[in-house]
Amino acid sequence: HLLWSVDELKSRLQDPRLVLMDMRPPEAYSNGHIPGARSFDIFGISLIDTRPGPLEAFLWMIEHLIHAKGVNSDSTVVVYDDIAGMRSARLLWFLEFFGHDDVHVLNGGFNAWQSEGLPVTHEAATPRAGNFKMEPRLERLATIEDVRANLNSPSVVIVDTRSDGEYTGQVVRSARGGAIPGAVHLEWTNNLDSNGFFKSADELRKMYAERNIGPDKEVILHCQGAYRSAHTYLALRLIGYPNVRNYLGSWGEWGNRTDLPIEHPTKP
């Protein structure tokens, strides 16, 4: 199961195979973190060119960073940020893409841990490099060519997880604002309840079904830099969708490529 509760993590804190990753900014980590957690802020590291050369170099870099944090092939990796947020979902996606299945997000994040009155520490452990090796599962990744080739495919749905303003093009974060033609818009924050926990599986199923984002489709997700879309990847994995891809370049790539089609939808 991809989500761990606070109780599950508490009961496994002493497990020697546990690798606990704190994805928040280093300042937040140094102000207090879950005992044994390693600080792993890779928020600023993203890719806006998914052609083969840059993609390979970027994935090598991410693999190296994960390796340096002490992840072994048999590690149980648990990831958290303040809530069940996009930073932790993004590392879960990377690890699943790299072929590491024993990875989980702390539901509710650090806030949930703190609200239970559980111990917090300022001590930082120095991890020894692990033996993690990536065996990429390319069916979990979408490149610019995958998106372009499937723009009009009835068996594929492209889901835009950005804000309303980005989707309609009022907020411009690349050379161009707007949307990938035909994309279905559902902002990633809809996956969560007001306390930063994932909504129930039934609620998630209903929400995606209402937008005709069904498990029978291949789902390609994007945002600006594949952070928010990683969160929706996790949401769809939680409800058993078999064929979900995260478009790593996202609008940071698509919006900068003036040779590619865009549209300017209006919100209903």
# chains A, B, ... in the order shown; residues from 1 in each chain; ligands from 1

call {"tool": "select_by_dssp", "arguments": {"residues": "region 176-268 of chain A", "states": "helix (DSSP H, G or I)", "output": "PyMOL selection string"}}
result
chain A and resi 188-191+201-210+228-238+250-254

call {"tool": "residues_around", "arguments": {"residues": "region 245-249 of chain A", "least_positions_apart": "6", "cutoff": "9 Å", "atoms": "only C-alpha atoms", "output": "number ranges by chain"}}
result
A: 46-50, 55, 93, 138-144, 146-147, 218-227, 229-230, 232-233

call {"tool": "closest_residue", "arguments": {"among": "A:Ser153, A:Asp22, A:Arg205, A:Ser75", "to": "Asp102 (chain A)", "atoms": "only C-alpha atoms"}}
result
A:Ser75

call {"tool": "residues_around", "arguments": {"residues": "Pro25 (chain A)", "least_positions_apart": "2", "cutoff": "6 Å", "atoms": "only C-alpha atoms", "output": "CSV table (one decimal) with N, CA, C and O atoms, in the first residue's frame"}}
result
chain,number,residue,atom,x,y,z
A,27,GLU,N,15.5,24.3,6.0
A,27,GLU,CA,15.2,25.1,7.1
A,27,GLU,C,14.1,24.5,8.0
A,27,GLU,O,14.2,24.4,9.2
A,28,ALA,N,13.1,23.9,7.3
A,28,ALA,CA,12.1,23.2,8.1
A,28,ALA,C,12.6,22.0,8.7
A,28,ALA,O,12.3,21.7,9.9
A,41,ASP,N,15.8,17.6,0.0
A,41,ASP,CA,15.1,18.6,-0.7
A,41,ASP,C,15.6,18.7,-2.2
A,41,ASP,O,16.7,19.2,-2.5

call {"tool": "residues_around", "arguments": {"residues": "region 184-189 of chain A", "least_positions_apart": "2", "cutoff": "8 Å", "atoms": "only C-alpha atoms", "output": "list in words"}}
result
Val157, Ile158, Val159, Asp160, Thr161, Arg162, Ser163, Asp164, Tyr167, Gly182, Asn191, Leu192, Arg211, Arg228, Ser229, His231 and Thr232 of chain A

call {"tool": "write_last_selection", "arguments": {"atoms": "all heavy atoms", "output": "tab-separated table (two decimals), in the first residue's frame"}}
result
chain	number	residue	atom	x	y	z
A	157	VAL	N	-6.02	9.91	-22.16
A	157	VAL	CA	-6.52	11.18	-21.65
A	157	VAL	C	-5.36	11.94	-21.03
A	157	VAL	O	-4.58	11.39	-20.25
A	157	VAL	CB	-7.69	10.99	-20.66
A	157	VAL	CG1	-7.30	10.12	-19.48
A	157	VAL	CG2	-8.23	12.33	-20.17
A	158	ILE	N	-5.21	13.20	-21.43
A	158	ILE	CA	-4.18	14.07	-20.86
A	158	ILE	C	-4.83	14.90	-19.77
A	158	ILE	O	-5.88	15.51	-19.98
A	158	ILE	CB	-3.57	14.96	-21.95
A	158	ILE	CG1	-2.87	14.10	-23.02
A	158	ILE	CG2	-2.57	15.97	-21.34
A	158	ILE	CD1	-2.50	14.86	-24.29
A	159	VAL	N	-4.22	14.88	-18.58
A	159	VAL	CA	-4.81	15.57	-17.43
A	159	VAL	C	-3.86	16.69	-17.00
A	159	VAL	O	-2.67	16.45	-16.74
A	159	VAL	CB	-5.07	14.60	-16.27
A	159	VAL	CG1	-5.66	15.35	-15.07
A	159	VAL	CG2	-6.02	13.49	-16.72
A	160	ASP	N	-4.40	17.89	-16.92
A	160	ASP	CA	-3.66	19.10	-16.52
A	160	ASP	C	-3.97	19.35	-15.04
A	160	ASP	O	-5.10	19.63	-14.67
A	160	ASP	CB	-4.15	20.25	-17.40
A	160	ASP	CG	-3.40	21.56	-17.16
A	160	ASP	OD1	-2.89	21.77	-16.04
A	160	ASP	OD2	-3.35	22.37	-18.10
A	161	THR	N	-2.94	19.26	-14.20
A	161	THR	CA	-3.15	19.36	-12.75
A	161	THR	C	-2.79	20.74	-12.20
A	161	THR	O	-2.69	20.92	-10.99
A	161	THR	CB	-2.31	18.30	-12.02
A	161	THR	OG1	-0.91	18.60	-12.20
A	161	THR	CG2	-2.57	16.90	-12.56
A	162	ARG	N	-2.63	21.73	-13.09
A	162	ARG	CA	-2.23	23.07	-12.65
A	162	ARG	C	-3.43	23.86	-12.13
A	162	ARG	O	-4.57	23.38	-12.10
A	162	ARG	CB	-1.59	23.81	-13.83
A	162	ARG	CG	-0.33	23.17	-14.38
A	162	ARG	CD	0.16	23.88	-15.62
A	162	ARG	NE	-0.86	23.88	-16.69
A	162	ARG	CZ	-0.87	24.72	-17.72
A	162	ARG	NH1	0.09	25.64	-17.83
A	162	ARG	NH2	-1.81	24.64	-18.65
A	163	SER	N	-3.18	25.11	-11.77
A	163	SER	CA	-4.24	26.00	-11.29
A	163	SER	C	-5.12	26.44	-12.45
A	163	SER	O	-4.75	26.34	-13.63
A	163	SER	CB	-3.62	27.25	-10.65
A	163	SER	OG	-2.95	28.03	-11.64
A	164	ASP	N	-6.30	26.98	-12.11
A	164	ASP	CA	-7.21	27.51	-13.14
A	164	ASP	C	-6.51	28.55	-14.02
A	164	ASP	O	-6.64	28.53	-15.24
A	164	ASP	CB	-8.43	28.17	-12.48
A	164	ASP	CG	-9.39	27.16	-11.87
A	164	ASP	OD1	-9.16	25.94	-12.05
A	164	ASP	OD2	-10.36	27.59	-11.22
A	167	TYR	N	-4.12	27.05	-16.49
A	167	TYR	CA	-4.84	26.29	-17.52
A	167	TYR	C	-5.46	27.21	-18.57
A	167	TYR	O	-5.38	26.94	-19.78
A	167	TYR	CB	-5.91	25.43	-16.83
A	167	TYR	CG	-6.88	24.74	-17.75
A	167	TYR	CD1	-6.46	23.72	-18.60
A	167	TYR	CD2	-8.24	25.08	-17.75
A	167	TYR	CE1	-7.36	23.07	-19.45
A	167	TYR	CE2	-9.14	24.43	-18.58
A	167	TYR	CZ	-8.70	23.42	-19.43
A	167	TYR	OH	-9.59	22.79	-20.25
A	182	GLY	N	-7.04	19.55	-25.77
A	182	GLY	CA	-7.82	18.40	-25.34
A	182	GLY	C	-7.60	17.95	-23.91
A	182	GLY	O	-8.26	17.02	-23.44
A	191	ASN	N	-7.17	16.35	-4.76
A	191	ASN	CA	-6.91	15.00	-4.24
A	191	ASN	C	-6.94	14.94	-2.71
A	191	ASN	O	-7.01	13.85	-2.14
A	191	ASN	CB	-5.53	14.50	-4.71
A	191	ASN	CG	-5.43	14.39	-6.21
A	191	ASN	OD1	-6.36	13.95	-6.87
A	191	ASN	ND2	-4.28	14.79	-6.76
A	192	LEU	N	-6.84	16.11	-2.07
A	192	LEU	CA	-6.64	16.15	-0.62
A	192	LEU	C	-7.86	16.71	0.10
A	192	LEU	O	-8.62	17.50	-0.46
A	192	LEU	CB	-5.43	17.04	-0.28
A	192	LEU	CG	-4.07	16.58	-0.82
A	192	LEU	CD1	-3.01	17.63	-0.54
A	192	LEU	CD2	-3.67	15.24	-0.21
A	211	ARG	N	-15.12	13.19	-14.55
A	211	ARG	CA	-14.42	13.92	-15.62
A	211	ARG	C	-13.99	12.99	-16.75
A	211	ARG	O	-13.16	13.35	-17.58
A	211	ARG	CB	-13.20	14.64	-15.02
A	211	ARG	CG	-13.62	15.85	-14.19
A	211	ARG	CD	-12.51	16.29	-13.24
A	211	ARG	NE	-12.96	17.45	-12.48
A	211	ARG	CZ	-13.72	17.39	-11.39
A	211	ARG	NH1	-14.15	16.21	-10.94
A	211	ARG	NH2	-14.07	18.48	-10.74
A	228	ARG	N	3.22	18.63	-9.27
A	228	ARG	CA	1.80	18.47	-8.95
A	228	ARG	C	1.21	17.26	-9.68
A	228	ARG	O	0.35	16.55	-9.14
A	228	ARG	CB	1.05	19.76	-9.33
A	228	ARG	CG	1.45	20.93	-8.47
A	228	ARG	CD	0.90	22.27	-8.99
A	228	ARG	NE	1.62	22.76	-10.15
A	228	ARG	CZ	1.33	23.89	-10.78
A	228	ARG	NH1	0.31	24.65	-10.35
A	228	ARG	NH2	2.03	24.29	-11.83
A	229	SER	N	1.70	17.02	-10.89
A	229	SER	CA	1.21	15.85	-11.62
A	229	SER	C	1.65	14.54	-10.98
A	229	SER	O	0.94	13.53	-11.06
A	229	SER	CB	1.65	15.90	-13.09
A	229	SER	OG	3.04	16.11	-13.21
A	231	HIS	N	1.62	14.10	-7.87
A	231	HIS	CA	0.63	13.92	-6.81
A	231	HIS	C	-0.62	13.23	-7.36
A	231	HIS	O	-1.17	12.31	-6.74
A	231	HIS	CB	0.27	15.29	-6.22
A	231	HIS	CG	-0.42	15.23	-4.92
A	231	HIS	ND1	-1.78	15.15	-4.81
A	231	HIS	CD2	0.06	15.23	-3.64
A	231	HIS	CE1	-2.11	15.12	-3.52
A	231	HIS	NE2	-1.02	15.15	-2.79
A	232	THR	N	-1.05	13.65	-8.55
A	232	THR	CA	-2.20	13.01	-9.18
A	232	THR	C	-1.85	11.60	-9.64
A	232	THR	O	-2.69	10.70	-9.61
A	232	THR	CB	-2.74	13.90	-10.31
A	232	THR	OG1	-3.23	15.11	-9.72
A	232	THR	CG2	-3.85	13.24	-11.08

call {"tool": "closest_residue", "arguments": {"among": "A:Leu236, A:Ile213, A:Ala124, A:Val171", "to": "Lys199 (chain A)", "atoms": "only C-alpha atoms"}}
result
A:Leu236

call {"tool": "atom_distance", "arguments": {"atom1": "CA of Gly196 (chain A)", "atom2": "CA of Ala84 (chain A)"}}
result
5.7 Å

call {"tool": "select_by_dssp", "arguments": {"residues": "region 120-242 of chain A", "states": "strand (DSSP E)", "output": "PyMOL selection string"}}
result
chain A and resi 141-142+156-160+184-185+218-222

call {"tool": "write_last_selection", "arguments": {"atoms": "N, CA and C atoms", "output": "tab-separated table (two decimals), in the first residue's frame"}}
result
chain	number	residue	atom	x	y	z
A	141	LEU	N	6.53	7.01	-17.46
A	141	LEU	CA	7.06	8.31	-17.85
A	141	LEU	C	6.48	8.70	-19.21
A	142	ALA	N	6.16	9.97	-19.38
A	142	ALA	CA	5.80	10.47	-20.71
A	142	ALA	C	6.82	11.54	-21.13
A	156	VAL	N	-6.36	7.61	-24.84
A	156	VAL	CA	-5.46	8.35	-23.95
A	156	VAL	C	-6.17	9.61	-23.45
A	157	VAL	N	-6.02	9.91	-22.16
A	157	VAL	CA	-6.52	11.18	-21.65
A	157	VAL	C	-5.36	11.94	-21.03
A	158	ILE	N	-5.21	13.20	-21.43
A	158	ILE	CA	-4.18	14.07	-20.86
A	158	ILE	C	-4.83	14.90	-19.77
A	159	VAL	N	-4.22	14.88	-18.58
A	159	VAL	CA	-4.81	15.57	-17.43
A	159	VAL	C	-3.86	16.69	-17.00
A	160	ASP	N	-4.40	17.89	-16.92
A	160	ASP	CA	-3.66	19.10	-16.52
A	160	ASP	C	-3.97	19.35	-15.04
A	184	VAL	N	-7.80	17.49	-19.97
A	184	VAL	CA	-8.84	17.64	-18.96
A	184	VAL	C	-8.21	18.30	-17.74
A	185	HIS	N	-8.85	19.34	-17.23
A	185	HIS	CA	-8.26	20.09	-16.13
A	185	HIS	C	-8.83	19.64	-14.79
A	218	GLU	N	-5.25	5.19	-20.94
A	218	GLU	CA	-3.90	5.55	-20.55
A	218	GLU	C	-3.95	7.02	-20.15
A	219	VAL	N	-3.49	7.32	-18.93
A	219	VAL	CA	-3.58	8.68	-18.40
A	219	VAL	C	-2.20	9.31	-18.41
A	220	ILE	N	-2.08	10.45	-19.09
A	220	ILE	CA	-0.82	11.21	-19.09
A	220	ILE	C	-1.05	12.49	-18.30
A	221	LEU	N	-0.25	12.70	-17.27
A	221	LEU	CA	-0.44	13.81	-16.34
A	221	LEU	C	0.64	14.85	-16.54
A	222	HIS	N	0.25	16.14	-16.39
A	222	HIS	CA	1.28	17.18	-16.42
A	222	HIS	C	0.88	18.34	-15.54

call {"tool": "closest_residue", "arguments": {"among": "A:Pro181, A:Pro26, A:Pro136, A:Pro154", "to": "Ile262 (chain A)", "atoms": "only C-alpha atoms"}}
result
A:Pro181

call {"tool": "residues_around", "arguments": {"residues": "Leu118 (chain A)", "least_positions_apart": "6", "cutoff": "12 Å", "atoms": "only C-alpha atoms", "output": "short mmCIF file (atom, residue, chain, number, x, y, z; two decimals) with C-alpha atoms, in the first residue's frame"}}
result
data_model
loop_
_atom_site.label_atom_id
_atom_site.label_comp_id
_atom_site.auth_asym_id
_atom_site.auth_seq_id
_atom_site.Cartn_x
_atom_site.Cartn_y
_atom_site.Cartn_z
CA VAL A 6 1.35 7.90 11.31
CA ASP A 7 0.76 4.74 13.37
CA LEU A 9 5.45 4.72 10.61
CA LYS A 10 5.66 4.93 14.40
CA SER A 11 5.65 1.13 14.67
CA LEU A 13 10.78 3.57 13.07
CA GLY A 32 12.57 19.64 13.81
CA HIS A 33 11.90 16.39 11.98
CA ILE A 34 10.80 12.80 12.56
CA PRO A 35 13.60 10.83 14.28
CA PHE A 110 4.78 16.03 9.24
CA ASN A 111 1.72 18.00 10.38
CA ALA A 112 -0.10 14.73 11.14
#

call {"tool": "closest_residue", "arguments": {"among": "A:Arg87, A:Arg12, A:His1, A:Lys267", "to": "Ile42 (chain A)", "atoms": "only C-alpha atoms"}}
result
A:Arg87

call {"tool": "closest_residue", "arguments": {"among": "A:Phe197, A:Ala149, A:His104, A:Pro54", "to": "Ile83 (chain A)", "atoms": "only C-alpha atoms"}}
result
A:Phe197

call {"tool": "residues_around", "arguments": {"residues": "Ile66 (chain A)", "least_positions_apart": "6", "cutoff": "9 Å", "atoms": "only C-alpha atoms", "output": "list in words"}}
result
Phe40, Leu95, Ala129, Gly130 and Phe132 of chain A

call {"tool": "closest_residue", "arguments": {"among": "A:Val172, A:Leu234, A:Met207, A:Leu2", "to": "Asp101 (chain A)", "atoms": "only C-alpha atoms"}}
result
A:Leu2

call {"tool": "atom_distance", "arguments": {"atom1": "CA of Val103 (chain A)", "atom2": "CA of Val78 (chain A)"}}
result
5.8 Å

call {"tool": "residues_around", "arguments": {"residues": "Arg176 (chain A)", "least_positions_apart": "2", "cutoff": "9 Å", "atoms": "only C-alpha atoms", "output": "PDB file with C-alpha atoms, in the first residue's frame"}}
result
ATOM      1  CA  GLY A 169      -3.443  31.022 -19.896  1.00  0.00           C
ATOM      2  CA  VAL A 172       1.971  32.488 -17.912  1.00  0.00           C
ATOM      3  CA  ARG A 173       4.976  30.505 -16.639  1.00  0.00           C
ATOM      4  CA  SER A 174       6.630  29.648 -19.965  1.00  0.00           C
ATOM      5  CA  GLY A 178      -2.501  28.044 -22.135  1.00  0.00           C
ATOM      6  CA  TRP A 254       5.514  22.268 -23.914  1.00  0.00           C
ATOM      7  CA  GLY A 255       4.880  25.979 -23.345  1.00  0.00           C
ATOM      8  CA  ASN A 256       8.410  26.871 -24.454  1.00  0.00           C
ATOM      9  CA  ARG A 257       8.230  24.877 -27.688  1.00  0.00           C
ATOM     10  CA  THR A 258       6.646  27.311 -30.136  1.00  0.00           C
ATOM     11  CA  ILE A 262      -1.811  25.029 -27.554  1.00  0.00           C
TER      12      ILE A 262
END

call {"tool": "decode", "arguments": {"residues": "region 227-239 of chain A", "atoms": "all heavy atoms", "output": "short mmCIF file (atom, residue, chain, number, x, y, z; two decimals), in the first residue's frame"}}
result
data_model
loop_
_atom_site.label_atom_id
_atom_site.label_comp_id
_atom_site.auth_asym_id
_atom_site.auth_seq_id
_atom_site.Cartn_x
_atom_site.Cartn_y
_atom_site.Cartn_z
N TYR A 227 5.66 18.12 -10.70
CA TYR A 227 5.55 17.97 -9.25
C TYR A 227 4.09 17.69 -8.87
O TYR A 227 3.76 16.67 -8.27
CB TYR A 227 6.00 19.24 -8.53
CG TYR A 227 7.45 19.61 -8.73
CD1 TYR A 227 7.90 20.14 -9.94
CD2 TYR A 227 8.36 19.45 -7.69
CE1 TYR A 227 9.22 20.50 -10.11
CE2 TYR A 227 9.69 19.82 -7.85
CZ TYR A 227 10.12 20.34 -9.06
OH TYR A 227 11.42 20.69 -9.24
N ARG A 228 3.22 18.63 -9.27
CA ARG A 228 1.80 18.47 -8.95
C ARG A 228 1.21 17.26 -9.68
O ARG A 228 0.35 16.55 -9.14
CB ARG A 228 1.05 19.76 -9.33
CG ARG A 228 1.45 20.93 -8.47
CD ARG A 228 0.90 22.27 -8.99
NE ARG A 228 1.62 22.76 -10.15
CZ ARG A 228 1.33 23.89 -10.78
NH1 ARG A 228 0.31 24.65 -10.35
NH2 ARG A 228 2.03 24.29 -11.83
N SER A 229 1.70 17.02 -10.89
CA SER A 229 1.21 15.85 -11.62
C SER A 229 1.65 14.54 -10.98
O SER A 229 0.94 13.53 -11.06
CB SER A 229 1.65 15.90 -13.09
OG SER A 229 3.04 16.11 -13.21
N ALA A 230 2.79 14.54 -10.29
CA ALA A 230 3.21 13.34 -9.54
C ALA A 230 2.21 13.05 -8.42
O ALA A 230 1.98 11.89 -8.06
CB ALA A 230 4.61 13.54 -8.96
N HIS A 231 1.62 14.10 -7.87
CA HIS A 231 0.63 13.92 -6.81
C HIS A 231 -0.62 13.23 -7.36
O HIS A 231 -1.17 12.31 -6.74
CB HIS A 231 0.27 15.29 -6.22
CG HIS A 231 -0.42 15.23 -4.92
ND1 HIS A 231 -1.78 15.15 -4.81
CD2 HIS A 231 0.06 15.23 -3.64
CE1 HIS A 231 -2.11 15.12 -3.52
NE2 HIS A 231 -1.02 15.15 -2.79
N THR A 232 -1.05 13.65 -8.55
CA THR A 232 -2.20 13.01 -9.18
C THR A 232 -1.85 11.60 -9.64
O THR A 232 -2.69 10.70 -9.61
CB THR A 232 -2.74 13.90 -10.31
OG1 THR A 232 -3.23 15.11 -9.72
CG2 THR A 232 -3.85 13.24 -11.08
N TYR A 233 -0.59 11.38 -10.04
CA TYR A 233 -0.12 10.01 -10.31
C TYR A 233 -0.36 9.13 -9.09
O TYR A 233 -0.91 8.02 -9.20
CB TYR A 233 1.38 10.04 -10.67
CG TYR A 233 2.06 8.70 -10.68
CD1 TYR A 233 2.10 7.91 -11.83
CD2 TYR A 233 2.69 8.21 -9.53
CE1 TYR A 233 2.75 6.68 -11.84
CE2 TYR A 233 3.33 6.98 -9.53
CZ TYR A 233 3.35 6.21 -10.68
OH TYR A 233 3.97 4.99 -10.67
N LEU A 234 0.02 9.62 -7.92
CA LEU A 234 -0.17 8.84 -6.69
C LEU A 234 -1.66 8.62 -6.43
O LEU A 234 -2.10 7.51 -6.10
CB LEU A 234 0.51 9.53 -5.50
CG LEU A 234 0.25 8.94 -4.12
CD1 LEU A 234 0.54 7.45 -4.06
CD2 LEU A 234 1.08 9.69 -3.06
N ALA A 235 -2.47 9.68 -6.60
CA ALA A 235 -3.92 9.53 -6.37
C ALA A 235 -4.51 8.43 -7.26
O ALA A 235 -5.31 7.60 -6.80
CB ALA A 235 -4.62 10.86 -6.64
N LEU A 236 -4.10 8.41 -8.53
CA LEU A 236 -4.64 7.41 -9.46
C LEU A 236 -4.09 6.02 -9.16
O LEU A 236 -4.78 5.01 -9.33
CB LEU A 236 -4.36 7.81 -10.90
CG LEU A 236 -5.10 9.08 -11.36
CD1 LEU A 236 -4.70 9.44 -12.79
CD2 LEU A 236 -6.61 8.91 -11.26
N ARG A 237 -2.86 5.95 -8.68
CA ARG A 237 -2.31 4.66 -8.25
C ARG A 237 -3.07 4.14 -7.03
O ARG A 237 -3.32 2.94 -6.91
CB ARG A 237 -0.82 4.81 -7.91
CG ARG A 237 0.07 5.08 -9.08
CD ARG A 237 0.52 3.81 -9.78
NE ARG A 237 1.46 3.06 -8.95
CZ ARG A 237 1.24 1.84 -8.45
NH1 ARG A 237 0.09 1.22 -8.68
NH2 ARG A 237 2.15 1.23 -7.73
N LEU A 238 -3.48 5.04 -6.14
CA LEU A 238 -4.22 4.63 -4.95
C LEU A 238 -5.55 3.97 -5.31
O LEU A 238 -6.04 3.12 -4.56
CB LEU A 238 -4.50 5.84 -4.04
CG LEU A 238 -3.30 6.45 -3.32
CD1 LEU A 238 -3.69 7.74 -2.62
CD2 LEU A 238 -2.71 5.46 -2.32
N ILE A 239 -6.15 4.36 -6.43
CA ILE A 239 -7.43 3.78 -6.81
C ILE A 239 -7.28 2.76 -7.94
O ILE A 239 -8.24 2.39 -8.60
CB ILE A 239 -8.48 4.86 -7.15
CG1 ILE A 239 -7.97 5.83 -8.23
CG2 ILE A 239 -8.85 5.64 -5.90
CD1 ILE A 239 -9.01 6.88 -8.65
#
